[in-house]
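Raw run-v6.cif, mmCIF, C-alpha atoms:
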```cif
data_structure
loop_
_atom_site.label_atom_id
_atom_site.label_comp_id
_atom_site.auth_asym_id
_atom_site.auth_seq_id
_atom_site.Cartn_x
_atom_site.Cartn_y
_atom_site.Cartn_z
CA MET A 202 100.79 112.96 89.21
CA PHE A 203 100.70 110.61 86.26
CA GLY A 204 99.23 107.14 86.58
CA PHE A 205 101.59 104.72 88.28
CA ASN A 206 101.09 100.99 87.84
CA TRP A 207 103.96 98.58 87.40
CA LYS A 208 101.88 96.21 85.33
CA THR A 209 101.08 98.88 82.74
CA PHE A 210 103.81 101.40 83.69
CA GLU A 211 103.27 104.11 81.10
CA ARG A 212 104.82 107.53 81.02
CA SER A 213 104.45 109.96 78.13
CA GLY A 214 102.80 107.20 76.11
CA GLU A 215 105.67 104.75 76.60
CA SER A 216 105.28 101.40 78.29
CA ILE A 217 108.32 100.04 80.06
CA SER A 218 107.20 96.48 79.48
CA ALA A 219 106.98 97.20 75.74
CA ALA A 220 110.07 99.39 75.42
CA ARG A 221 112.99 98.23 73.31
CA ASP A 222 116.49 99.50 72.70
CA GLY A 223 118.14 100.16 69.36
CA ASP A 224 118.91 96.46 68.85
CA GLY A 225 115.31 95.46 69.51
CA ARG A 226 115.95 93.96 72.92
CA ALA A 227 112.93 94.06 75.24
CA ALA A 228 113.34 96.04 78.44
CA ARG A 229 112.84 94.67 81.92
CA ARG A 230 112.26 96.62 85.09
CA PRO A 231 115.16 96.97 87.52
CA ARG A 232 115.38 94.83 90.64
CA ILE A 233 114.00 97.06 93.38
CA GLY A 234 115.36 97.19 96.93
CA LEU A 235 113.90 98.96 99.96
CA ALA A 236 116.26 100.15 102.72
CA LEU A 237 114.33 100.78 105.94
CA GLY A 238 116.10 103.05 108.40
CA SER A 239 116.29 103.11 112.17
CA GLY A 240 114.26 105.50 114.29
CA ALA A 241 112.57 103.71 117.22
CA ALA A 242 108.80 104.40 117.30
CA ARG A 243 108.97 106.33 114.06
CA GLY A 244 109.60 102.98 112.39
CA TRP A 245 105.87 102.26 112.34
CA SER A 246 105.74 104.66 109.39
CA HIS A 247 107.63 102.00 107.40
CA ILE A 248 104.40 100.00 107.43
CA GLY A 249 102.62 102.85 105.66
CA VAL A 250 105.42 103.21 103.10
CA ILE A 251 105.21 99.52 102.19
CA GLN A 252 101.42 99.63 102.04
CA GLU A 253 101.45 102.60 99.67
CA LEU A 254 104.07 101.02 97.40
CA ALA A 255 101.99 97.84 97.31
CA ALA A 256 98.83 99.80 96.53
CA ARG A 257 100.64 101.40 93.55
CA GLN A 258 101.99 97.98 92.51
CA VAL A 259 105.61 98.95 93.05
CA PRO A 260 107.31 95.57 93.61
CA ILE A 261 109.88 95.00 96.36
CA ASP A 262 112.44 92.36 95.41
CA VAL A 263 114.96 93.04 98.19
CA ILE A 264 114.48 94.54 101.64
CA ALA A 265 117.11 95.52 104.20
CA GLY A 266 116.49 96.96 107.64
CA SER A 267 118.37 98.47 110.52
CA SER A 268 116.92 98.45 114.06
CA VAL A 269 113.14 99.04 113.84
CA GLY A 270 113.59 98.87 110.05
CA ALA A 271 114.63 95.24 110.53
CA VAL A 272 111.46 94.58 112.54
CA VAL A 273 109.17 95.90 109.81
CA GLY A 274 111.26 94.56 106.95
CA GLY A 275 111.54 91.10 108.48
CA CYS A 276 107.81 90.89 109.08
CA TYR A 277 107.11 91.98 105.52
CA ALA A 278 109.53 89.44 104.04
CA ALA A 279 107.88 86.73 106.14
CA GLY A 280 104.39 87.72 104.98
CA LYS A 281 103.43 88.97 108.44
CA LEU A 282 103.08 92.71 107.89
CA ALA A 283 99.33 92.63 108.53
CA GLU A 284 99.89 90.93 111.88
CA LEU A 285 102.53 93.51 112.83
CA GLU A 286 100.18 96.32 111.86
CA LYS A 287 97.42 94.89 114.05
CA PHE A 288 99.80 94.65 116.99
CA VAL A 289 101.22 98.18 116.71
CA ARG A 290 97.80 99.75 116.25
CA SER A 291 96.74 98.12 119.53
CA LEU A 292 99.54 99.76 121.53
CA THR A 293 98.67 102.28 124.23
CA ARG A 294 101.15 104.09 126.48
CA ARG A 295 100.36 101.65 129.27
CA ARG A 296 100.87 98.63 127.07
CA VAL A 297 104.15 99.99 125.71
CA PHE A 298 105.54 100.33 129.24
CA SER A 299 104.15 96.95 130.29
CA LEU A 300 106.28 95.35 127.55
CA MET A 301 109.43 96.74 129.14
CA ASP A 302 110.85 94.03 131.38
CA LEU A 303 113.40 95.79 133.57
CA SER A 304 116.61 93.86 134.10
CA LEU A 305 119.32 96.00 135.65
CA SER A 306 121.51 92.98 136.34
CA GLY A 307 122.45 92.39 132.71
CA ALA A 308 124.10 94.37 129.93
CA GLY A 309 120.95 96.40 129.32
CA MET A 310 118.13 97.98 131.29
CA MET A 311 115.68 95.52 129.70
CA SER A 312 116.00 91.84 128.93
CA GLY A 313 113.73 92.16 125.90
CA GLY A 314 111.95 88.91 126.73
CA LYS A 315 108.46 90.28 126.26
CA LEU A 316 109.27 91.78 122.88
CA ARG A 317 110.95 88.53 121.88
CA ASP A 318 107.78 86.64 122.77
CA GLU A 319 105.70 88.97 120.62
CA LEU A 320 107.99 88.41 117.64
CA SER A 321 108.18 84.66 118.19
CA ARG A 322 104.41 84.38 118.25
CA GLU A 323 104.36 85.09 114.50
CA LEU A 324 107.92 84.39 113.33
CA GLU A 325 109.18 81.45 115.39
CA GLY A 326 111.11 78.93 113.33
CA ARG A 327 111.36 81.17 110.27
CA ARG A 328 114.77 81.33 108.62
CA ILE A 329 115.96 84.29 106.59
CA GLU A 330 117.12 82.21 103.64
CA ASP A 331 113.65 80.66 103.27
CA LEU A 332 111.69 83.93 103.10
CA ALA A 333 109.71 84.84 99.98
CA VAL A 334 111.51 88.20 99.71
CA VAL A 335 115.29 88.60 99.93
CA PHE A 336 115.96 90.09 103.37
CA GLY A 337 118.91 91.23 105.43
CA ALA A 338 119.32 92.97 108.79
CA VAL A 339 122.20 95.12 110.03
CA ALA A 340 123.78 94.74 113.45
CA THR A 341 126.96 96.09 115.09
CA GLU A 342 129.59 93.88 116.74
CA ILE A 343 130.46 94.88 120.29
CA GLY A 344 134.12 95.78 120.78
CA ALA A 345 135.22 95.61 117.15
CA GLY A 346 132.52 97.95 115.90
CA HIS A 347 132.13 95.91 112.73
CA GLU A 348 128.99 96.23 110.65
CA VAL A 349 127.44 92.76 110.50
CA TRP A 350 125.00 91.72 107.78
CA LEU A 351 122.56 89.03 108.90
CA ARG A 352 121.33 87.32 105.75
CA LYS A 353 120.74 83.78 106.95
CA GLY A 354 119.71 81.97 110.10
CA ASP A 355 116.94 82.53 112.61
CA LEU A 356 114.81 85.55 111.65
CA VAL A 357 113.81 86.49 115.21
CA HIS A 358 117.44 86.42 116.39
CA ALA A 359 118.51 88.67 113.51
CA ILE A 360 115.75 91.19 114.21
CA ARG A 361 116.48 91.26 117.95
CA ALA A 362 120.20 91.80 117.33
CA SER A 363 119.45 94.66 114.95
CA TYR A 364 117.32 96.60 117.48
CA ALA A 365 119.39 95.86 120.62
CA MET A 366 120.07 99.48 121.57
CA PRO A 367 123.20 99.65 123.77
CA GLY A 368 122.41 100.14 127.44
CA ILE A 369 118.66 99.66 126.87
CA PHE A 370 118.37 96.12 125.50
CA GLU A 371 120.74 93.26 126.20
CA PRO A 372 122.97 92.33 123.22
CA LEU A 373 122.48 89.07 121.35
CA GLN A 374 125.14 86.48 120.56
CA ILE A 375 125.07 85.10 117.00
CA ASP A 376 127.84 82.90 115.56
CA GLY A 377 130.13 83.74 118.46
CA ARG A 378 129.71 87.51 118.10
CA TRP A 379 127.93 89.78 120.56
CA LEU A 380 125.75 92.10 118.54
CA PHE A 381 123.71 95.21 119.20
CA ASP A 382 121.82 97.90 117.30
CA GLY A 383 122.68 98.21 113.62
CA ALA A 384 122.00 101.94 113.68
CA LEU A 385 125.47 102.53 115.14
CA ALA A 386 127.07 101.18 111.98
CA ASN A 387 124.54 101.72 109.19
CA PRO A 388 121.23 103.42 110.10
CA ILE A 389 119.84 103.24 106.53
CA PRO A 390 121.29 100.11 104.88
CA VAL A 391 121.51 101.15 101.22
CA THR A 392 124.80 99.26 100.85
CA LEU A 393 123.23 96.02 102.06
CA CYS A 394 120.36 96.41 99.58
CA ARG A 395 122.82 96.75 96.72
CA ALA A 396 124.91 93.83 97.96
CA MET A 397 121.80 91.63 97.89
CA GLY A 398 121.16 92.44 94.24
CA ALA A 399 119.03 95.59 94.19
CA GLU A 400 119.53 97.69 91.05
CA LEU A 401 117.25 100.52 92.18
CA VAL A 402 117.28 101.34 95.91
CA ILE A 403 114.51 103.23 97.66
CA ALA A 404 115.60 104.35 101.14
CA VAL A 405 113.41 105.54 104.01
CA ASN A 406 115.00 108.03 106.42
CA LEU A 407 113.25 108.52 109.78
CA VAL A 408 115.82 110.67 111.58
CA GLY A 409 116.44 113.53 109.18
CA ASP A 410 115.44 116.25 111.63
CA ALA A 411 116.44 117.48 115.09
CA ALA A 412 112.95 118.22 116.40
CA TYR A 413 112.58 115.17 118.62
CA ARG A 414 114.21 116.20 121.88
CA GLY A 415 111.70 116.67 124.66
CA THR A 416 108.96 114.52 123.19
CA LEU A 417 110.49 111.19 124.08
CA ILE A 418 111.17 112.44 127.62
CA ALA A 419 107.79 114.03 128.19
CA ASP A 420 105.74 111.03 127.11
CA ALA A 421 107.04 108.76 129.86
CA ALA A 422 106.11 111.20 132.59
CA ALA A 423 102.75 112.00 131.00
CA MET A 424 101.89 108.30 130.89
CA ALA A 425 101.20 108.28 134.63
CA THR A 426 98.72 111.18 134.53
CA GLU A 427 96.90 110.99 131.19
CA PRO A 428 93.71 108.88 130.96
CA GLN A 429 94.43 105.32 129.86
CA PRO A 430 92.21 102.69 128.20
CA PRO A 431 91.32 99.73 130.43
CA ALA A 432 94.19 97.29 130.68
CA SER A 433 93.88 93.52 130.49
CA ALA A 434 94.45 91.38 133.58
CA ALA A 435 97.80 90.25 132.19
CA GLU A 436 98.92 93.83 131.62
CA GLU A 437 97.80 94.89 135.09
CA SER A 438 99.71 92.05 136.73
CA SER A 439 102.87 92.96 134.84
CA TRP A 440 102.50 96.67 135.54
CA ARG A 441 103.73 96.88 139.10
CA ALA A 442 103.90 100.18 140.94
CA SER A 443 107.64 99.72 141.42
CA ASP A 444 108.14 99.28 137.68
CA ALA A 445 106.13 102.42 136.98
CA ARG A 446 108.24 104.47 139.37
CA GLN A 447 111.46 103.05 137.96
CA LEU A 448 110.47 103.82 134.36
CA ARG A 449 109.37 107.36 135.21
CA ARG A 450 112.69 107.94 136.92
CA GLN A 451 114.76 106.54 134.01
CA PHE A 452 112.80 108.07 131.15
CA GLY A 453 111.68 111.30 132.81
CA ARG A 454 113.38 114.37 134.24
CA ALA A 455 114.55 115.21 137.71
CA ALA A 456 113.30 118.28 139.60
CA ASN A 457 116.28 120.28 138.32
CA GLY A 458 115.43 119.38 134.70
CA ALA A 459 118.19 116.80 134.26
CA PRO A 460 117.12 113.83 132.09
CA GLY A 461 117.00 110.30 133.48
CA ILE A 462 119.60 107.76 132.40
CA ALA A 463 117.49 106.14 129.70
CA ALA A 464 116.22 109.45 128.35
CA ALA A 465 119.78 110.80 128.06
CA MET A 466 120.98 107.62 126.36
CA LEU A 467 118.12 107.61 123.86
CA ASP A 468 118.65 111.27 123.04
CA ALA A 469 122.39 110.81 122.54
CA PHE A 470 121.83 107.67 120.47
CA ASN A 471 119.37 109.41 118.16
CA ILE A 472 121.73 112.36 117.61
CA THR A 473 124.54 109.92 116.80
CA GLN A 474 122.55 107.86 114.32
CA ASP A 475 121.40 111.02 112.55
CA ARG A 476 125.03 112.07 112.00
CA ILE A 477 126.02 108.57 110.85
CA ALA A 478 123.06 108.38 108.48
CA ARG A 479 124.00 111.68 106.83
CA SER A 480 127.55 110.44 106.27
CA ARG A 481 126.52 107.03 104.92
CA LEU A 482 123.91 108.48 102.56
CA ALA A 483 126.44 110.96 101.21
CA GLY A 484 128.87 108.14 100.46
CA ASP A 485 126.32 105.76 98.94
CA PRO A 486 123.14 107.66 98.10
CA PRO A 487 119.97 105.73 97.26
CA ASP A 488 118.24 106.18 93.92
CA VAL A 489 115.16 107.53 95.70
CA LEU A 490 115.01 108.86 99.26
CA ILE A 491 111.72 108.90 101.15
CA ALA A 492 111.80 111.30 104.09
CA ALA A 493 108.61 111.16 106.13
CA ARG A 494 107.57 114.37 107.91
CA LEU A 495 107.94 113.07 111.46
CA SER A 496 109.30 116.05 113.38
CA ARG A 497 106.26 116.13 115.67
CA ILE A 498 106.57 112.42 116.50
CA GLY A 499 108.81 111.43 119.41
CA PHE A 500 111.14 108.47 119.18
CA PHE A 501 109.28 106.91 122.10
CA ASP A 502 105.76 107.47 120.72
CA PHE A 503 105.10 103.80 120.01
CA HIS A 504 101.42 104.32 120.82
CA ARG A 505 100.91 106.64 117.80
CA ALA A 506 100.91 103.91 115.16
CA ASP A 507 97.76 105.13 113.40
CA GLU A 508 99.32 108.54 112.77
CA LEU A 509 102.72 107.14 111.84
CA ILE A 510 101.35 104.66 109.31
CA ALA A 511 99.34 107.44 107.66
CA LEU A 512 102.45 109.66 107.49
CA GLY A 513 104.40 106.81 105.92
CA ARG A 514 101.80 106.40 103.18
CA GLU A 515 101.83 110.13 102.54
CA ALA A 516 105.62 110.17 102.25
CA ALA A 517 105.59 107.26 99.79
CA ARG A 518 102.97 109.00 97.63
CA ARG A 519 105.19 112.07 97.38
CA ALA A 520 108.04 109.89 96.10
CA LEU A 521 106.12 108.02 93.39
CA ASN A 522 107.11 110.43 90.61
CA ASP A 523 110.78 110.05 91.53
CA ILE A 524 110.51 106.26 91.63
CA ALA A 525 108.88 106.17 88.20
CA GLU A 526 111.43 108.53 86.69
CA VAL A 527 114.42 106.63 88.05
CA ALA A 528 112.90 103.30 87.03
CA ALA A 529 112.49 104.56 83.47
CA LEU A 530 116.16 105.57 83.39
CA GLU A 531 117.20 102.25 84.94
CA ARG A 532 115.45 100.02 82.41
CA ARG A 533 117.61 97.00 81.73
CA PHE A 534 118.23 95.59 78.23
CA ASP A 535 120.05 92.46 79.28
CA GLY A 536 118.42 89.95 76.97
CA PRO A 537 119.64 88.94 73.52
CA ALA A 538 118.93 91.27 70.61
CA VAL A 539 115.70 90.60 68.78
CA LYS A 540 115.70 90.94 65.01
CA ALA A 541 112.98 93.17 63.62
#
```
Would you mind giving the structure from this file in structure tokens?
Amino acid sequence: MFGFNWKTFERSGESISAARDGDGRAARRPRIGLALGSGAARGWSHIGVIQELAARQVPIDVIAGSSVGAVVGGCYAAGKLAELEKFVRSLTRRRVFSLMDLSLSGAGMMSGGKLRDELSRELEGRRIEDLAVVFGAVATEIGAGHEVWLRKGDLVHAIRASYAMPGIFEPLQIDGRWLFDGALANPIPVTLCRAMGAELVIAVNLVGDAAYRGTLIADAAAMATEPQPPASAAEESSWRASDARQLRRQFGRAANGAPGIAAAMLDAFNITQDRIARSRLAGDPPDVLIAARLSRIGFFDFHRADELIALGREAARRALNDIAEVAALERRFDGPAVKA
């Protein structure tokens, strides 16, 4: 792999910053957008992708996210990626389940209050239009099925709406619309990136395989029997025996092998978003597609952040040649001609 550094970006002896066209106009690099796809726990690999791009000095001018992609993208745009990384690396199976506040009386199995509190701890009061990086999240309007782009307003509300998986999390009302998971409309928001001004779009696909079924179901049942790290007093108090039984029943399998309600919903949802993603990418392909090798990672493996972040970095490294090649082709000569 040739050297890759945006400050000195040289390929075959040519520097992009020094390149000129036939009229003598200096080149500028294209505006780069990053489209972060949905994929539940697999989304922690987005952290690794961003870290690797930063390490190679690939700038991100625009970032769009759907579902967990909105979580990672929003935290990055707000300058809180390091805090998110610290949080996800601390997750164990027990802690993941302790964050699930069951609420069967509403429109979803979980109210999402505990996850909201975690986000608010770092992002409370932040507004999308004030972020250092241009950011947008995708959500889906209940009933109409419209794709909704959230590009202004409260950051936490936008993120929560984007990951509100139907039947699992309660939907969120924003500007009079009830919204849920953006993955149902646009799992990998390349179109949103372009609409926000990106000239070169790098997309990250987390669901491009079918090797996830079984893992997300097995992990919930295994949680009760595998050794667990000591839990804090707060976690122990929130982890009631009744909650544990309820979660095992919903996310596990019955004696006859039938999946629980939540497991069946998650499996069906992931199959659906994979099909939608394929269709959307065919209609509006990104300039560079990063596909992390995540087939052995379940969509409910939130406790495997260390592995996922490493896989994200590896996937980004494999794409660096493509990014450099496309960037060289996408050089912009928009300035006035310079006389020799």
Run through the PyMOL selection byres ((chain A and resi 333) around 10) on the given coordinates and return the selected residues as a list in words.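 Against this file, the PyMOL selection byres ((chain A and resi 333) around 10) returns the residues Asp262, Val263, Tyr277, Ala278, Ala279, Gly280, Ile329, Glu330, Asp331, Leu332, Val334, Val335 and Phe336 of chain A.
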Determine the residue membership of the PyMOL selection byres ((chain A and resi 500-510) around 6) for the file above and supply it as a PDB file with C-alpha atoms, keeping the file's coordinate frame.
```
ATOM      1  CA  ALA A 241     112.570 103.710 117.220  1.00  0.00           C
ATOM      2  CA  ALA A 242     108.800 104.400 117.300  1.00  0.00           C
ATOM      3  CA  ARG A 243     108.970 106.330 114.060  1.00  0.00           C
ATOM      4  CA  TRP A 245     105.870 102.260 112.340  1.00  0.00           C
ATOM      5  CA  SER A 246     105.740 104.660 109.390  1.00  0.00           C
ATOM      6  CA  ILE A 248     104.400 100.000 107.430  1.00  0.00           C
ATOM      7  CA  GLY A 249     102.620 102.850 105.660  1.00  0.00           C
ATOM      8  CA  VAL A 289     101.220  98.180 116.710  1.00  0.00           C
ATOM      9  CA  ARG A 290      97.800  99.750 116.250  1.00  0.00           C
ATOM     10  CA  LEU A 292      99.540  99.760 121.530  1.00  0.00           C
ATOM     11  CA  THR A 293      98.670 102.280 124.230  1.00  0.00           C
ATOM     12  CA  ARG A 294     101.150 104.090 126.480  1.00  0.00           C
ATOM     13  CA  LEU A 417     110.490 111.190 124.080  1.00  0.00           C
ATOM     14  CA  GLY A 499     108.810 111.430 119.410  1.00  0.00           C
ATOM     15  CA  ALA A 511      99.340 107.440 107.660  1.00  0.00           C
ATOM     16  CA  LEU A 512     102.450 109.660 107.490  1.00  0.00           C
ATOM     17  CA  GLY A 513     104.400 106.810 105.920  1.00  0.00           C
TER      18      GLY A 513
END
```
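Evaluated on this file, the PyMOL selection byres ((chain A and resi 400) around 9) matches Pro231, Arg232, Ile233, Gly234, Cys394, Arg395, Gly398, Ala399, Leu401, Val402 and Glu531 of chain A.
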Name the residues within 6 Å of (110.5, 107.2, 97.7), counting all atoms listed in the file in the file's coordinates, and put them as a PyMOL selection string. chain A and resi 403+489-491+517+520
Can you pull out the residues contacting A:Ala338? Cut-off 7 Å, using only C-alpha atoms, and skip same-chain residues under 6 positions away; I want them as a PyMOL selection string. chain A and resi 265-267+271+350-352+359-360+363
Could you check the closest approach to A:Arg519 for each of A:Ala493, A:Ile498, A:Leu324, A:Leu237 and tell me which residue wins, using all atoms listed in the file?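 Between A:Ala493, A:Ile498, A:Leu324, A:Leu237, the residue approaching A:Arg519 most closely is A:Ala493.
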At what distance in Å, to one decimal, does atom CA of A:Arg295 lie from atom CA of A:Gly274?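 Calculated distance between atom CA of A:Gly274 and atom CA of A:Arg295 is 25.8 Å.
Restricting the calculation to only C-alpha atoms, the smallest distance between A:Leu530 and any of A:Asp488, A:Glu319, A:Gly275, A:Met366 is found for A:Asp488.
Distances from A:Ala404, A:Val259, A:Met301, A:Ile375 to A:Pro487 were compared using only C-alpha atoms, and the smallest one belongs to A:Ala404.
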Tell me, in Å to one decimal, how far atom CA of A:Leu385 is from atom CA of A:Val297.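 We find that atom CA of A:Leu385 and atom CA of A:Val297 lie 23.9 Å from each other.
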Here atom CA of A:Ala478 and atom CA of A:Ala256 stand apart by 28.3 Å
Out of A:Gly383, A:Gly368, A:Gly377, A:Gly326, which residue has the shortest atom-to-atom distance to A:Val349 when counting all atoms listed in the file? A:Gly383
Applying 9 Å and all atoms listed in the file, which residues near A:Arg317 remain after dropping the ones on its own chain fewer than 5 positions away? List them as an NGL selection string. :A and (322 or 357-358 or 361)
Top pick for closest residue to A:Ser480, considering A:Pro388, A:Pro260, A:Gly238, A:Gly344 and counting all atoms listed in the file: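 Selected residue with least distance to A:Ser480: A:Pro388.
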Take stretch 308-380 of chain A from the block and save it with C-alpha atoms, as a tab-separated table (two decimals), in the first residue's frame.
```
chain	number	residue	atom	x	y	z
A	308	ALA	CA	-45.48	0.86	21.86
A	309	GLY	CA	-42.26	-1.07	22.42
A	310	MET	CA	-40.87	-3.74	24.71
A	311	MET	CA	-38.45	-1.18	26.18
A	312	SER	CA	-38.92	2.44	27.10
A	313	GLY	CA	-35.30	3.25	26.26
A	314	GLY	CA	-34.95	5.49	29.30
A	315	LYS	CA	-31.66	4.02	30.45
A	316	LEU	CA	-30.07	4.36	27.03
A	317	ARG	CA	-31.42	7.90	26.79
A	318	ASP	CA	-29.75	8.73	30.11
A	319	GLU	CA	-26.43	7.38	28.86
A	320	LEU	CA	-26.62	9.55	25.75
A	321	SER	CA	-27.77	12.61	27.66
A	322	ARG	CA	-24.85	12.33	30.05
A	323	GLU	CA	-22.52	13.41	27.24
A	324	LEU	CA	-24.79	15.04	24.65
A	325	GLU	CA	-27.52	16.85	26.60
A	326	GLY	CA	-28.30	20.27	25.18
A	327	ARG	CA	-26.33	19.73	21.97
A	328	ARG	CA	-28.05	20.81	18.78
A	329	ILE	CA	-27.28	19.30	15.40
A	330	GLU	CA	-26.88	22.63	13.64
A	331	ASP	CA	-24.18	23.69	16.14
A	332	LEU	CA	-21.93	20.63	15.73
A	333	ALA	CA	-18.38	20.99	14.40
A	334	VAL	CA	-19.06	18.40	11.66
A	335	VAL	CA	-22.12	18.46	9.40
A	336	PHE	CA	-24.38	15.67	10.67
A	337	GLY	CA	-27.71	14.12	9.80
A	338	ALA	CA	-29.67	11.12	11.06
A	339	VAL	CA	-32.29	9.04	9.24
A	340	ALA	CA	-35.61	8.03	10.78
A	341	THR	CA	-38.84	6.53	9.40
A	342	GLU	CA	-42.28	8.06	9.93
A	343	ILE	CA	-44.85	5.68	11.37
A	344	GLY	CA	-47.88	5.16	9.13
A	345	ALA	CA	-46.68	7.12	6.11
A	346	GLY	CA	-43.39	5.27	5.84
A	347	HIS	CA	-41.61	8.46	4.83
A	348	GLU	CA	-37.85	8.71	5.15
A	349	VAL	CA	-37.16	11.61	7.49
A	350	TRP	CA	-33.83	13.44	7.57
A	351	LEU	CA	-33.02	14.96	10.95
A	352	ARG	CA	-30.52	17.75	10.32
A	353	LYS	CA	-31.39	20.23	13.03
A	354	GLY	CA	-32.72	20.24	16.57
A	355	ASP	CA	-31.87	18.22	19.65
A	356	LEU	CA	-29.08	15.72	18.93
A	357	VAL	CA	-30.19	13.13	21.50
A	358	HIS	CA	-33.76	13.14	20.19
A	359	ALA	CA	-32.54	12.62	16.62
A	360	ILE	CA	-30.30	9.72	17.61
A	361	ARG	CA	-33.04	8.05	19.67
A	362	ALA	CA	-35.53	8.35	16.81
A	363	SER	CA	-33.04	6.83	14.39
A	364	TYR	CA	-32.47	3.68	16.49
A	365	ALA	CA	-36.07	3.17	17.71
A	366	MET	CA	-36.51	-0.35	16.35
A	367	PRO	CA	-40.24	-1.08	15.91
A	368	GLY	CA	-41.66	-3.30	18.63
A	369	ILE	CA	-38.44	-3.12	20.68
A	370	PHE	CA	-38.05	0.58	21.49
A	371	GLU	CA	-40.84	3.09	21.82
A	372	PRO	CA	-41.06	5.56	18.90
A	373	LEU	CA	-40.17	9.23	19.37
A	374	GLN	CA	-42.29	12.22	18.41
A	375	ILE	CA	-40.42	15.05	16.66
A	376	ASP	CA	-42.18	18.02	15.03
A	377	GLY	CA	-45.53	16.26	15.25
A	378	ARG	CA	-44.31	13.06	13.59
A	379	TRP	CA	-43.92	9.69	15.30
A	380	LEU	CA	-40.59	8.29	14.20
```
